[in-house]
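Here the structure is laid out as structure tokens; the discussion comes afterwards.
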Amino acid sequence: MKWIIAAAAAKAKPRTQICNLGTPEYVQVNDSVRWICGALGLTPELRYTGGARGWIGDNPFIFLDPRKIQATGWKPKLTIEQGIIRTLRWLEANRWVYEARRGQ
């Protein structure tokens with residue numbers, strides 16, 4: 001996987017760029033909460049502070065603009081939902097991450 005990203009980055013001009021690796025889709029934060037809770041079998045009561053829109057400057061959407069990296073030929077293999085669930089499953093299988101953070 002690293003070589004694919006490196007190959008795509010090598011085609012980019014100028015040589016140093018920041019690119020978002022993601023899909024051209026966007027979702028609401030509530031969608032990601034729903035996916036995570038569903039995958040974990042949880043049904044929590046959700047409460048929001050700051051009113052219906054949250055606090056000032058809060059953004060209810062997850063949206064990364066991947067046009068720059070996609071212009072090099074790179075394409076995502078997962079949807080946002082699939083990426084979130086895959087990350088969740090990885091964290092479940094690698095609980096050492098939590099232990100390492102707890103010790104800080």
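Chain labels follow the order of the structure tokens: the first chain is A, the next B, and so on; residue numbering restarts at 1 in every chain, and ligands are counted from 1 in their shown order.
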Contacts of A:Pro76 within 8 Å, only C-alpha atoms, excl. fewer than 5 positions in-chain, as a ChimeraX atom specification
/A:21-23
Contacts of A:Ile18 within 9 Å, only C-alpha atoms, excl. fewer than 2 positions in-chain, as a ChimeraX atom specification:
/A:16,20,68-69
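The environment of A:Thr79 within 12 Å, counting only C-alpha atoms and disregarding residues fewer than 4 places along the same chain, consists of Leu21, Gly22, Thr23, Pro24, Glu25, Tyr26, Val27, Ser32, Lys75, Gly83, Ile84, Ile85 and Arg86 of chain A.
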Pull the strand (DSSP E) assignments for stretch 2-98 of chain A out of DSSP run on the backbone, and list those residues as a count of residues only.
4
